[in-house]
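Shown here: work-v8.cif, mmCIF, C-alpha atoms.
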```
data_input
#
loop_
_atom_site.label_atom_id
_atom_site.label_comp_id
_atom_site.auth_asym_id
_atom_site.auth_seq_id
_atom_site.Cartn_x
_atom_site.Cartn_y
_atom_site.Cartn_z
CA MET A 1 -16.35 41.26 5.27
CA THR A 2 -14.52 40.84 2.01
CA ILE A 3 -11.92 38.09 1.74
CA ASN A 4 -9.17 37.85 -0.82
CA VAL A 5 -8.94 34.22 -1.83
CA LYS A 6 -5.95 32.69 -3.64
CA TYR A 7 -6.12 29.40 -5.54
CA PHE A 8 -3.29 27.07 -6.53
CA GLY A 9 -2.80 24.13 -8.91
CA LEU A 10 -5.90 22.12 -9.76
CA ILE A 11 -8.01 24.35 -7.48
CA ALA A 12 -7.22 27.38 -9.66
CA GLU A 13 -8.20 25.33 -12.73
CA ILE A 14 -11.63 24.63 -11.21
CA THR A 15 -12.23 28.23 -10.15
CA ALA A 16 -10.77 29.45 -13.46
CA CYS A 17 -8.94 32.23 -11.61
CA GLU A 18 -5.91 32.50 -9.33
CA LYS A 19 -7.48 35.02 -6.97
CA GLU A 20 -10.77 36.73 -6.29
CA THR A 21 -12.60 38.71 -3.63
CA ILE A 22 -15.54 37.06 -1.90
CA LEU A 23 -18.08 38.66 0.44
CA PHE A 24 -18.49 36.58 3.61
CA THR A 25 -20.78 37.14 6.59
CA LYS A 26 -20.29 34.07 8.79
CA SER A 27 -17.41 33.17 11.10
CA ASN A 28 -15.21 30.13 10.42
CA VAL A 29 -13.26 28.39 7.66
CA SER A 30 -15.69 25.50 7.19
CA GLU A 31 -18.58 27.97 6.77
CA PHE A 32 -16.51 29.80 4.20
CA LEU A 33 -15.87 26.55 2.34
CA GLU A 34 -19.63 25.78 2.32
CA LEU A 35 -20.12 29.10 0.58
CA LEU A 36 -17.30 28.33 -1.85
CA TYR A 37 -18.70 24.86 -2.67
CA LYS A 38 -21.97 26.49 -3.71
CA LYS A 39 -20.06 28.63 -6.18
CA TYR A 40 -17.73 25.79 -7.27
CA PRO A 41 -19.39 22.39 -6.65
CA ASN A 42 -16.36 20.56 -8.14
CA LEU A 43 -14.16 21.74 -5.27
CA GLU A 44 -15.99 19.67 -2.71
CA ASN A 45 -14.32 16.32 -3.47
CA LYS A 46 -10.82 17.77 -3.90
CA ASP A 47 -7.98 17.42 -1.42
CA PHE A 48 -6.60 20.78 -0.28
CA GLN A 49 -5.55 22.71 2.79
CA VAL A 50 -6.50 26.25 3.76
CA ALA A 51 -4.07 28.95 4.83
CA GLN A 52 -5.16 32.20 6.46
CA ASN A 53 -2.77 35.13 6.28
CA GLN A 54 0.03 32.76 5.08
CA GLU A 55 -0.49 30.26 7.90
CA LEU A 56 -2.10 26.83 7.63
CA VAL A 57 -5.40 26.66 9.57
CA THR A 58 -7.92 23.97 10.47
CA GLN A 59 -11.52 24.04 9.27
CA ASP A 60 -12.84 25.19 12.65
CA ALA A 61 -10.52 28.23 12.72
CA LEU A 62 -12.24 31.59 12.91
CA ILE A 63 -11.77 33.88 9.97
CA THR A 64 -9.76 36.76 11.32
CA GLY A 65 -7.76 37.90 8.35
CA ASN A 66 -8.58 39.08 4.90
CA GLU A 67 -6.54 36.55 2.94
CA LEU A 68 -7.25 32.87 2.47
CA ALA A 69 -5.38 30.44 0.20
CA LEU A 70 -6.48 27.00 -0.99
CA LEU A 71 -3.49 24.70 -1.43
CA PRO A 72 -3.78 21.29 -3.09
CA PRO A 73 -0.97 18.75 -2.68
CA PHE A 74 1.21 18.27 -5.81
CA ALA A 75 2.47 14.83 -6.70
CA GLY A 76 4.64 15.50 -9.74
CA GLY A 77 8.38 15.21 -9.93
CA MET B 1 43.42 25.11 -9.65
CA ASN B 2 41.01 23.86 -7.02
CA ARG B 3 37.70 22.44 -8.30
CA TYR B 4 35.90 24.21 -5.45
CA SER B 5 37.78 27.54 -5.43
CA ARG B 6 34.55 29.52 -6.03
CA HIS B 7 33.04 27.87 -2.93
CA ILE B 8 36.14 28.30 -0.82
CA ALA B 9 36.29 31.99 -1.77
CA LEU B 10 33.00 32.54 0.07
CA SER B 11 33.62 33.37 3.71
CA GLU B 12 30.35 31.53 4.57
CA ILE B 13 31.81 28.30 3.12
CA GLY B 14 35.62 28.30 3.00
CA GLN B 15 37.69 25.11 3.19
CA ALA B 16 35.87 24.13 6.39
CA GLY B 17 32.49 24.28 4.62
CA GLN B 18 33.84 22.41 1.63
CA ASN B 19 35.01 19.66 3.99
CA LYS B 20 31.48 19.48 5.44
CA LEU B 21 30.16 18.93 1.91
CA LEU B 22 32.76 16.24 1.29
CA ASN B 23 31.73 14.37 4.45
CA ALA B 24 27.96 14.69 3.82
CA LYS B 25 25.79 11.73 2.84
CA VAL B 26 22.68 12.55 0.85
CA LEU B 27 20.11 10.10 -0.51
CA VAL B 28 18.10 11.33 -3.50
CA ILE B 29 14.93 9.38 -4.22
CA GLY B 30 13.78 9.74 -7.82
CA ALA B 31 16.21 10.63 -10.62
CA GLY B 32 13.58 12.30 -12.81
CA GLY B 33 12.60 15.92 -13.42
CA LEU B 34 13.44 17.04 -9.88
CA GLY B 35 16.14 14.45 -9.21
CA CYS B 36 18.30 15.44 -12.20
CA PRO B 37 18.95 19.08 -11.20
CA ILE B 38 19.21 18.12 -7.52
CA LEU B 39 21.83 15.48 -8.31
CA GLN B 40 23.68 17.67 -10.77
CA TYR B 41 24.19 20.49 -8.25
CA LEU B 42 24.96 18.21 -5.30
CA ALA B 43 27.60 16.32 -7.29
CA ALA B 44 29.09 19.52 -8.74
CA ALA B 45 29.21 21.08 -5.26
CA GLY B 46 31.26 18.15 -4.00
CA VAL B 47 28.76 16.40 -1.71
CA GLY B 48 30.97 13.43 -0.89
CA ASN B 49 28.46 10.57 -0.70
CA ILE B 50 25.36 10.51 -2.87
CA GLY B 51 22.84 7.68 -3.11
CA ILE B 52 20.34 7.57 -5.98
CA VAL B 53 17.16 5.46 -5.84
CA ASP B 54 15.13 4.94 -9.01
CA PHE B 55 13.65 1.78 -10.51
CA ASP B 56 12.48 3.44 -13.72
CA THR B 57 14.05 3.47 -17.18
CA ILE B 58 14.70 6.51 -19.36
CA GLU B 59 12.18 7.27 -22.12
CA LEU B 60 12.40 9.75 -24.99
CA SER B 61 9.74 11.99 -23.39
CA ASN B 62 11.94 12.36 -20.27
CA LEU B 63 14.65 14.28 -22.14
CA GLN B 64 12.54 17.47 -22.28
CA ARG B 65 13.34 18.05 -18.58
CA GLN B 66 15.56 15.28 -17.19
CA VAL B 67 18.79 17.03 -18.05
CA LEU B 68 21.29 14.39 -16.95
CA PHE B 69 20.23 12.10 -19.78
CA GLY B 70 20.75 12.06 -23.55
CA SER B 71 19.50 10.03 -26.49
CA ALA B 72 22.08 7.33 -25.76
CA SER B 73 20.59 6.82 -22.26
CA ILE B 74 17.11 5.80 -23.49
CA GLY B 75 16.19 2.42 -22.06
CA LEU B 76 18.79 2.57 -19.27
CA ASN B 77 17.93 2.59 -15.58
CA LYS B 78 17.74 6.20 -14.31
CA ALA B 79 19.75 5.66 -11.11
CA GLU B 80 22.56 3.95 -13.00
CA ALA B 81 22.58 6.40 -15.94
CA ALA B 82 22.58 9.34 -13.50
CA LYS B 83 25.52 7.82 -11.65
CA THR B 84 27.49 7.45 -14.90
CA ARG B 85 26.86 11.09 -15.86
CA LEU B 86 27.60 12.43 -12.36
CA GLN B 87 30.77 10.42 -11.99
CA ASP B 88 31.99 12.15 -15.18
CA LEU B 89 30.96 15.51 -13.72
CA ASN B 90 32.82 14.82 -10.47
CA ASN B 91 35.03 11.75 -10.13
CA THR B 92 36.19 12.72 -6.64
CA ILE B 93 32.91 11.80 -4.88
CA SER B 94 31.29 8.48 -4.07
CA ILE B 95 27.98 7.75 -5.82
CA THR B 96 25.82 4.69 -5.23
CA ALA B 97 22.96 3.76 -7.57
CA TYR B 98 20.03 1.75 -6.19
CA PRO B 99 18.12 0.67 -9.30
CA LYS B 100 15.09 -0.44 -7.31
CA LYS B 101 11.80 0.72 -5.93
CA LEU B 102 11.73 2.30 -2.49
CA THR B 103 9.53 0.15 -0.26
CA HIS B 104 8.50 -0.06 3.38
CA GLN B 105 10.96 -2.94 3.64
CA ASN B 106 14.08 -1.29 2.24
CA SER B 107 13.58 2.37 3.23
CA LEU B 108 14.52 2.13 6.90
CA SER B 109 17.66 0.19 6.03
CA LEU B 110 18.45 2.68 3.32
CA PHE B 111 17.98 5.71 5.57
CA LYS B 112 19.78 4.16 8.54
CA ASN B 113 22.91 2.13 8.73
CA TYR B 114 21.64 -1.40 8.61
CA ASP B 115 24.37 -2.81 6.37
CA ILE B 116 22.05 -4.84 4.22
CA ILE B 117 23.51 -6.86 1.41
CA VAL B 118 21.73 -6.09 -1.83
CA ASP B 119 20.88 -8.68 -4.43
CA GLY B 120 23.61 -11.02 -3.30
CA THR B 121 26.34 -8.52 -4.08
CA ASP B 122 28.61 -6.91 -1.56
CA ASN B 123 27.09 -3.43 -2.00
CA LEU B 124 26.39 -2.21 1.47
CA PHE B 125 23.65 0.33 2.09
CA LYS B 126 25.26 3.34 3.63
CA ASN B 127 24.18 5.81 6.20
CA TYR B 128 22.61 9.02 4.88
CA ASP B 129 22.19 12.34 6.72
CA ILE B 130 19.66 13.98 4.45
CA ILE B 131 16.88 12.47 2.33
CA VAL B 132 15.70 14.31 -0.79
CA ASP B 133 12.23 13.60 -2.18
CA GLY B 134 12.15 13.91 -5.97
CA THR B 135 9.43 11.30 -6.52
CA ASP B 136 6.24 11.61 -8.57
CA ASN B 137 3.48 10.00 -6.51
CA PHE B 138 1.80 10.53 -3.17
CA GLU B 139 2.27 7.04 -1.86
CA THR B 140 6.08 7.18 -2.10
CA ARG B 141 6.06 10.70 -0.66
CA TYR B 142 4.20 9.50 2.45
CA LEU B 143 6.48 6.46 2.64
CA ILE B 144 9.57 8.72 2.59
CA ASN B 145 8.01 11.03 5.18
CA ASP B 146 7.13 8.20 7.57
CA ALA B 147 10.47 6.39 7.18
CA ALA B 148 12.27 9.71 7.80
CA ILE B 149 10.27 10.28 10.99
CA ILE B 150 11.14 6.78 12.21
CA THR B 151 14.84 7.12 11.38
CA ASN B 152 14.91 10.81 12.41
CA LYS B 153 16.24 12.14 9.09
CA PRO B 154 15.35 15.50 7.51
CA VAL B 155 13.58 15.41 4.13
CA VAL B 156 14.00 18.06 1.47
CA PHE B 157 10.68 17.99 -0.34
CA GLY B 158 9.80 19.25 -3.81
CA ALA B 159 6.72 18.67 -5.97
CA ILE B 160 5.38 20.12 -9.19
CA TYR B 161 2.08 20.53 -11.00
CA LYS B 162 2.09 21.90 -14.56
CA PHE B 163 3.57 25.43 -14.02
CA GLU B 164 3.63 25.44 -10.20
CA GLY B 165 5.95 24.01 -7.58
CA GLN B 166 6.11 23.40 -3.84
CA VAL B 167 9.28 23.19 -1.73
CA SER B 168 9.74 22.52 1.97
CA VAL B 169 12.05 20.82 4.47
CA PHE B 170 10.34 18.32 6.73
CA ASN B 171 11.37 16.65 9.98
CA TYR B 172 14.29 19.08 10.33
CA LYS B 173 15.39 19.48 13.96
CA ALA B 174 12.02 18.14 15.19
CA GLY B 175 10.10 20.41 12.79
CA PRO B 176 6.78 19.66 11.04
CA SER B 177 6.42 16.74 8.62
CA TYR B 178 4.62 16.32 5.30
CA ARG B 179 1.64 14.84 7.16
CA CYS B 180 1.40 18.07 9.21
CA LEU B 181 0.89 19.87 5.88
CA PHE B 182 -1.22 17.40 3.90
CA SER B 183 -2.80 14.62 5.90
CA ASN B 184 -3.42 12.29 2.96
CA GLN B 185 -7.18 12.61 2.56
CA GLN B 186 -7.50 9.56 0.36
CA GLU B 187 -11.28 9.84 0.24
CA LYS B 188 -10.74 13.09 -1.66
CA GLU B 189 -9.37 13.40 -5.14
CA GLN B 190 -5.62 13.99 -5.20
CA SER B 191 -4.76 15.40 -8.56
CA GLY B 192 -1.58 14.49 -10.40
CA HIS B 193 -1.10 11.12 -8.75
CA CYS B 194 0.85 9.01 -11.28
CA GLU B 195 -0.68 11.02 -14.10
CA ASP B 196 1.22 11.93 -17.22
CA LEU B 197 0.28 15.60 -16.93
CA GLY B 198 2.11 18.16 -18.95
CA VAL B 199 4.88 20.10 -17.25
CA LEU B 200 6.98 23.05 -18.37
CA GLY B 201 10.45 21.51 -18.76
CA VAL B 202 12.31 24.19 -16.82
CA LEU B 203 9.94 24.05 -13.81
CA PRO B 204 11.44 20.92 -12.20
CA GLY B 205 14.82 22.57 -12.93
CA ILE B 206 13.80 25.58 -10.81
CA ILE B 207 12.18 23.55 -8.02
CA GLY B 208 14.94 20.91 -7.97
CA SER B 209 17.58 23.66 -7.78
CA MET B 210 15.74 25.13 -4.79
CA GLN B 211 15.84 21.69 -3.16
CA ALA B 212 19.58 21.38 -3.84
CA ASN B 213 20.03 24.83 -2.27
CA GLU B 214 18.25 23.68 0.92
CA VAL B 215 20.46 20.57 1.07
CA LEU B 216 23.66 22.63 0.71
CA LYS B 217 22.55 25.15 3.37
CA MET B 218 21.71 22.34 5.79
CA ILE B 219 25.13 20.73 5.31
CA LEU B 220 26.96 24.07 5.50
CA GLU B 221 24.81 25.30 8.39
CA ILE B 222 24.29 28.68 6.77
CA GLY B 223 21.23 30.82 6.08
CA ASN B 224 17.65 29.90 7.00
CA ILE B 225 16.16 26.51 6.29
CA LEU B 226 12.68 26.17 4.77
CA SER B 227 11.45 24.16 7.77
CA GLY B 228 7.91 24.79 9.01
CA LYS B 229 7.23 26.66 5.79
CA LEU B 230 5.91 25.72 2.36
CA LEU B 231 7.26 27.71 -0.57
CA LEU B 232 4.87 27.96 -3.51
CA TYR B 233 6.18 29.09 -6.87
CA ASN B 234 4.31 29.88 -10.08
CA ALA B 235 6.50 29.92 -13.20
CA LEU B 236 3.89 31.81 -15.26
CA ASN B 237 3.66 34.96 -13.17
CA PHE B 238 6.71 34.89 -10.81
CA GLN B 239 4.32 34.71 -7.86
CA SER B 240 5.80 33.02 -4.85
CA SER B 241 4.25 32.63 -1.42
CA VAL B 242 5.53 31.17 1.82
CA ILE B 243 2.93 29.47 4.02
CA LYS B 244 3.63 28.66 7.67
CA ILE B 245 3.09 25.01 8.67
CA ASN B 246 2.48 24.06 12.30
CA LYS B 247 3.73 20.78 13.70
CA SER B 248 1.09 18.20 14.56
CA GLU B 249 2.50 16.09 17.41
CA GLU B 250 -0.52 13.81 17.04
CA LYS B 251 0.27 12.93 13.42
CA ILE B 252 3.99 12.42 14.09
CA ASN B 253 3.35 10.32 17.20
CA LYS B 254 0.96 8.13 15.24
CA ILE B 255 3.82 7.22 12.86
CA LEU B 256 6.23 6.63 15.75
CA ASN B 257 3.69 4.51 17.64
CA GLU B 258 3.15 2.32 14.60
CA LYS B 259 6.82 2.01 13.68
CA HIS B 260 7.07 -1.64 14.74
CA ALA B 261 4.58 -2.46 11.96
CA PHE B 262 6.16 -0.16 9.36
CA GLU B 263 8.20 -2.82 7.60
CA THR B 264 5.19 -5.13 7.30
CA LYS B 265 3.27 -2.52 5.26
CA THR B 266 2.94 -2.71 1.50
CA MET B 267 2.09 -0.13 -1.09
CA SER B 268 -1.64 -0.42 -1.70
CA PHE B 269 -1.38 1.41 -4.97
CA SER B 270 1.19 1.10 -7.69
CA CYS B 271 1.74 3.28 -10.71
CA ASN B 272 3.08 0.24 -12.56
CA SER B 273 0.73 -2.71 -12.65
CA GLU B 274 1.87 -4.89 -15.49
CA THR B 275 -0.74 -7.63 -15.37
CA THR B 276 -3.67 -5.62 -16.68
CA GLN B 277 -1.72 -4.07 -19.54
CA ILE B 278 -2.54 -5.21 -23.06
CA SER B 279 -1.70 -4.09 -26.57
CA ILE B 280 -4.29 -2.54 -28.89
CA GLU B 281 -3.93 -5.62 -31.08
CA GLU B 282 -4.81 -7.94 -28.18
CA ALA B 283 -7.65 -5.63 -27.14
CA LEU B 284 -9.25 -5.73 -30.60
CA LYS B 285 -9.23 -9.53 -30.55
CA LYS B 286 -11.36 -9.60 -27.41
CA GLU B 287 -15.14 -9.73 -27.64
CA ASN B 288 -17.73 -7.85 -25.63
CA ILE B 289 -15.55 -4.83 -24.97
CA GLN B 290 -16.01 -1.14 -24.15
CA PHE B 291 -13.20 1.29 -25.03
CA ILE B 292 -12.83 4.20 -22.62
CA ASP B 293 -10.70 7.26 -23.39
CA VAL B 294 -9.60 8.78 -20.06
CA ARG B 295 -7.89 11.78 -21.63
CA GLU B 296 -9.31 15.29 -21.31
CA THR B 297 -11.82 15.82 -24.10
CA SER B 298 -9.56 18.42 -25.74
CA GLU B 299 -6.57 16.09 -26.11
CA LEU B 300 -5.44 14.97 -29.55
CA PRO B 301 -5.31 12.83 -31.60
CA LYS B 302 -8.96 11.83 -31.68
CA ILE B 303 -9.38 8.08 -32.05
CA GLU B 304 -11.69 6.99 -34.86
CA HIS B 305 -12.88 3.68 -36.36
CA ILE B 306 -13.96 2.23 -32.97
CA THR B 307 -16.75 3.17 -30.56
CA ILE B 308 -15.35 5.07 -27.61
CA THR B 309 -16.74 6.34 -24.33
CA SER B 310 -14.91 9.49 -23.22
CA ILE B 311 -14.48 9.94 -19.45
CA PRO B 312 -11.53 12.12 -18.34
CA LEU B 313 -9.68 10.39 -15.50
CA ASN B 314 -10.59 13.12 -13.00
CA ASP B 315 -14.29 12.45 -13.63
CA LEU B 316 -14.10 8.66 -13.69
CA GLU B 317 -15.51 7.97 -10.24
CA LYS B 318 -18.42 10.36 -10.85
CA ASN B 319 -19.33 8.61 -14.12
CA LEU B 320 -19.31 4.95 -13.18
CA GLU B 321 -22.78 4.58 -14.69
CA LYS B 322 -21.22 5.16 -18.12
CA LEU B 323 -19.22 1.95 -17.70
CA ASP B 324 -20.89 -1.24 -18.88
CA THR B 325 -19.46 -3.61 -16.30
CA ASN B 326 -20.89 -6.61 -18.15
CA LYS B 327 -18.23 -5.90 -20.75
CA ARG B 328 -14.44 -5.93 -20.61
CA LEU B 329 -13.44 -2.34 -19.92
CA ILE B 330 -10.46 -1.27 -21.98
CA PHE B 331 -8.88 2.07 -21.08
CA PHE B 332 -6.45 4.18 -23.03
CA CYS B 333 -4.94 7.66 -22.74
CA GLN B 334 -2.09 9.70 -24.19
CA SER B 335 0.80 7.55 -22.93
CA GLY B 336 -0.75 4.62 -21.08
CA LYS B 337 -0.18 6.03 -17.58
CA ARG B 338 -3.61 7.49 -16.85
CA SER B 339 -5.28 4.37 -18.24
CA LYS B 340 -3.24 2.29 -15.78
CA GLN B 341 -4.44 4.56 -13.01
CA ALA B 342 -8.05 4.16 -14.20
CA VAL B 343 -7.64 0.38 -13.87
CA SER B 344 -6.22 0.81 -10.36
CA ILE B 345 -9.07 3.09 -9.29
CA LEU B 346 -11.68 0.63 -10.56
CA LYS B 347 -9.93 -2.30 -8.91
CA GLN B 348 -10.18 -0.48 -5.62
CA LEU B 349 -13.91 -0.16 -6.32
CA LYS B 350 -13.98 -3.94 -6.94
CA ILE B 351 -14.54 -3.50 -10.69
CA ASN B 352 -11.99 -6.00 -11.92
CA ASN B 353 -12.65 -6.68 -15.57
CA CYS B 354 -10.45 -3.79 -16.69
CA PHE B 355 -7.43 -3.46 -18.95
CA SER B 356 -5.07 -0.65 -19.86
CA ILE B 357 -3.71 -0.30 -23.39
CA LYS B 358 0.09 -0.10 -23.45
CA GLU B 359 0.41 2.01 -26.56
CA THR B 360 0.16 5.77 -26.82
CA SER B 361 -2.91 7.35 -28.41
CA SER B 362 -0.87 8.14 -31.57
CA GLU B 363 0.14 4.49 -31.90
CA ILE B 364 -3.44 3.36 -31.33
CA LYS B 365 -4.64 5.76 -34.03
CA LYS B 366 -1.99 4.52 -36.45
CA GLN B 367 -2.80 0.86 -35.84
CA LEU B 368 -6.54 1.40 -36.22
CA GLU B 369 -5.98 3.27 -39.47
CA ASN B 370 -3.84 0.41 -40.81
CA ILE B 371 -6.48 -2.16 -39.90
CA ASN B 372 -9.22 -0.06 -41.44
CA TYR B 373 -7.16 0.37 -44.62
CA GLU B 374 -6.61 -3.37 -44.93
CA ARG B 375 -10.36 -3.95 -44.68
#
```

Translate this file's structure into structure tokens.
Amino acid sequence: MTINVKYFGLIAEITACEKETILFTKSNVSEFLELLYKKYPNLENKDFQVAQNQELVTQDALITGNELALLPPFAGG
Amino acid sequence: MNRYSRHIALSEIGQAGQNKLLNAKVLVIGAGGLGCPILQYLAAAGVGNIGIVDFDTIELSNLQRQVLFGSASIGLNKAEAAKTRLQDLNNTISITAYPKKLTHQNSLSLFKNYDIIVDGTDNLFKNYDIIVDGTDNFETRYLINDAAIITNKPVVFGAIYKFEGQVSVFNYKAGPSYRCLFSNQQEKEQSGHCEDLGVLGVLPGIIGSMQANEVLKMILEIGNILSGKLLLYNALNFQSSVIKINKSEEKINKILNEKHAFETKTMSFSCNSETTQISIEEALKKENIQFIDVRETSELPKIEHITITSIPLNDLEKNLEKLDTNKRLIFFCQSGKRSKQAVSILKQLKINNCFSIKETSSEIKKQLENINYER
């Protein structure tokens, strides 16, 4: 399946894009991240959360939707 | 003419709503980029009791976005200067400045009604209904979150990164908390922590205004509150998204179960460690030294006349082999903030022979040029 992935903050700086479409054949979020880390090795040590279809999900969640977002925490004020 | 006639004219507010604002007690932590617009709108709206916590002093580089302050405020404490400005804006409300750092020890008292006497004066800490997080580092954000869970207060959260912002309301009517969103993965790199990153001046104005809006709606009991949701805003392309956050009972219960030990905790990390700070002049007098520039490689001005190792702060932990730990490690950056953080990071890794240069990179460049000229 194809997944539309959105990136925010520092994550978007590493991927050098705010969104892209990625072809994915496995089942859960952590498997998707493994795939993403191969494309962007610098993501692996970054703190972020994953949302699927605008809802925060855990790494063992199955990929059911076609939109994922990677959200890093922001500190600035 | 009534100061609040434009509020009272709204059927959703009216005199009854305006009275709710007058009786509300809101504590704003951080009177910086976010805190200034938050405070400005809360005071203008007639929120009757406002507390302001900030230990920091105003610098010239703050004026680009911290709109309560002017040139005459440079060097003053932010909480006190904000109070002075706001009292001029609205002299009918009560404003209390707490020119101190929020800690595990004072936060519970500050959020609750503990009637603690501050610094030997008769200023009593008051009771606040709503806590607003306008701070600039993760550690204080988690401290606010945990103290709010323990004292059962809602937190209006806002945070920014360059051109992007996040807004949410935590712990509102037993809703999710900040830890339900980001669980503080300290083993991972958390960007922006205490860094002097660039920020578009108007961005904290937008995000802080959104926070003030949430505060006013909560007091007035109108509209929908951003609880259980994270609003993301991008100032460059108008994109905004709302992400649903689920409550983690486990994470909230952990805080509640450990509440007896809360006030014994200390901040393990500080953005302001004074002891390892030195001037460029002092640094040059030392022998056996390695200068490390922790700015991004593209940042200007370039420093010449001394040998420098360049390691951007984000890459520091991956490049420890570039550090000669037999030498004194002397860090610098654009303003002196990232270099302080570099020292803190290395101290946590038990590399202790580190110093952070106080001066900005422009001042370092100027001083080195003067020395070189004299030679």

*At a cut-off of 10 Å from (13.4, 5.6, 11.2) in the coordinates of the file, what residues are picked up using all atoms listed in the file, written as a list in words?*
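I get Ser107, Leu108, Ser109, Leu110, Phe111, Lys112, Ile144, Asn145, Asp146, Ala147, Ala148, Ile149, Ile150, Thr151, Asn152, Lys153, Ile255, Leu256, Lys259 and Phe262 of chain B for the residues within 10 Å of that point.
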
*Find the residues near range 24-34 of chain A: any atom within 8 Å, counting all atoms listed in the file, skip ones fewer than 5 places away on the same chain, and give them as a PyMOL selection string.*
chain A and resi 1-3+58-63

*For chain B, which residues have at least one atom within 8 Å of chain A, if we go by only C-alpha atoms? Write them as a ChimeraX atom specification, please.*
/B:30,32-35,134-138,158-162,164-166,181-182,185,188-194,204,241-246

Take the residues that were just selected and, keeping C-alpha atoms, output them as an mmCIF file, keeping the file's coordinate frame.
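Okay, again-v8.cif is ready:
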```cif
data_model
loop_
_atom_site.group_PDB
_atom_site.id
_atom_site.type_symbol
_atom_site.label_atom_id
_atom_site.label_comp_id
_atom_site.auth_asym_id
_atom_site.auth_seq_id
_atom_site.Cartn_x
_atom_site.Cartn_y
_atom_site.Cartn_z
ATOM 1 C CA GLY B 30 13.780 9.740 -7.820
ATOM 2 C CA GLY B 32 13.580 12.300 -12.810
ATOM 3 C CA GLY B 33 12.600 15.920 -13.420
ATOM 4 C CA LEU B 34 13.440 17.040 -9.880
ATOM 5 C CA GLY B 35 16.140 14.450 -9.210
ATOM 6 C CA GLY B 134 12.150 13.910 -5.970
ATOM 7 C CA THR B 135 9.430 11.300 -6.520
ATOM 8 C CA ASP B 136 6.240 11.610 -8.570
ATOM 9 C CA ASN B 137 3.480 10.000 -6.510
ATOM 10 C CA PHE B 138 1.800 10.530 -3.170
ATOM 11 C CA GLY B 158 9.800 19.250 -3.810
ATOM 12 C CA ALA B 159 6.720 18.670 -5.970
ATOM 13 C CA ILE B 160 5.380 20.120 -9.190
ATOM 14 C CA TYR B 161 2.080 20.530 -11.000
ATOM 15 C CA LYS B 162 2.090 21.900 -14.560
ATOM 16 C CA GLU B 164 3.630 25.440 -10.200
ATOM 17 C CA GLY B 165 5.950 24.010 -7.580
ATOM 18 C CA GLN B 166 6.110 23.400 -3.840
ATOM 19 C CA LEU B 181 0.890 19.870 5.880
ATOM 20 C CA PHE B 182 -1.220 17.400 3.900
ATOM 21 C CA GLN B 185 -7.180 12.610 2.560
ATOM 22 C CA LYS B 188 -10.740 13.090 -1.660
ATOM 23 C CA GLU B 189 -9.370 13.400 -5.140
ATOM 24 C CA GLN B 190 -5.620 13.990 -5.200
ATOM 25 C CA SER B 191 -4.760 15.400 -8.560
ATOM 26 C CA GLY B 192 -1.580 14.490 -10.400
ATOM 27 C CA HIS B 193 -1.100 11.120 -8.750
ATOM 28 C CA CYS B 194 0.850 9.010 -11.280
ATOM 29 C CA PRO B 204 11.440 20.920 -12.200
ATOM 30 C CA SER B 241 4.250 32.630 -1.420
ATOM 31 C CA VAL B 242 5.530 31.170 1.820
ATOM 32 C CA ILE B 243 2.930 29.470 4.020
ATOM 33 C CA LYS B 244 3.630 28.660 7.670
ATOM 34 C CA ILE B 245 3.090 25.010 8.670
ATOM 35 C CA ASN B 246 2.480 24.060 12.300
#
```

*How would you write, as number ranges by chain, the residues chosen by the PyMOL selection byres ((chain B and resi 288-299) around 8) on this structure?*
B: 286-287, 300-302, 307-313, 316, 323-324, 327-334, 338-339, 342

Residue subset to file, keeping C-alpha atoms, as a PDB file, in the coordinates of the input:
```
ATOM      1  CA  LYS B 286     -11.360  -9.600 -27.410  1.00  0.00           C
ATOM      2  CA  GLU B 287     -15.140  -9.730 -27.640  1.00  0.00           C
ATOM      3  CA  LEU B 300      -5.440  14.970 -29.550  1.00  0.00           C
ATOM      4  CA  PRO B 301      -5.310  12.830 -31.600  1.00  0.00           C
ATOM      5  CA  LYS B 302      -8.960  11.830 -31.680  1.00  0.00           C
ATOM      6  CA  THR B 307     -16.750   3.170 -30.560  1.00  0.00           C
ATOM      7  CA  ILE B 308     -15.350   5.070 -27.610  1.00  0.00           C
ATOM      8  CA  THR B 309     -16.740   6.340 -24.330  1.00  0.00           C
ATOM      9  CA  SER B 310     -14.910   9.490 -23.220  1.00  0.00           C
ATOM     10  CA  ILE B 311     -14.480   9.940 -19.450  1.00  0.00           C
ATOM     11  CA  PRO B 312     -11.530  12.120 -18.340  1.00  0.00           C
ATOM     12  CA  LEU B 313      -9.680  10.390 -15.500  1.00  0.00           C
ATOM     13  CA  LEU B 316     -14.100   8.660 -13.690  1.00  0.00           C
ATOM     14  CA  LEU B 323     -19.220   1.950 -17.700  1.00  0.00           C
ATOM     15  CA  ASP B 324     -20.890  -1.240 -18.880  1.00  0.00           C
ATOM     16  CA  LYS B 327     -18.230  -5.900 -20.750  1.00  0.00           C
ATOM     17  CA  ARG B 328     -14.440  -5.930 -20.610  1.00  0.00           C
ATOM     18  CA  LEU B 329     -13.440  -2.340 -19.920  1.00  0.00           C
ATOM     19  CA  ILE B 330     -10.460  -1.270 -21.980  1.00  0.00           C
ATOM     20  CA  PHE B 331      -8.880   2.070 -21.080  1.00  0.00           C
ATOM     21  CA  PHE B 332      -6.450   4.180 -23.030  1.00  0.00           C
ATOM     22  CA  CYS B 333      -4.940   7.660 -22.740  1.00  0.00           C
ATOM     23  CA  GLN B 334      -2.090   9.700 -24.190  1.00  0.00           C
ATOM     24  CA  ARG B 338      -3.610   7.490 -16.850  1.00  0.00           C
ATOM     25  CA  SER B 339      -5.280   4.370 -18.240  1.00  0.00           C
ATOM     26  CA  ALA B 342      -8.050   4.160 -14.200  1.00  0.00           C
TER      27      ALA B 342
END
```
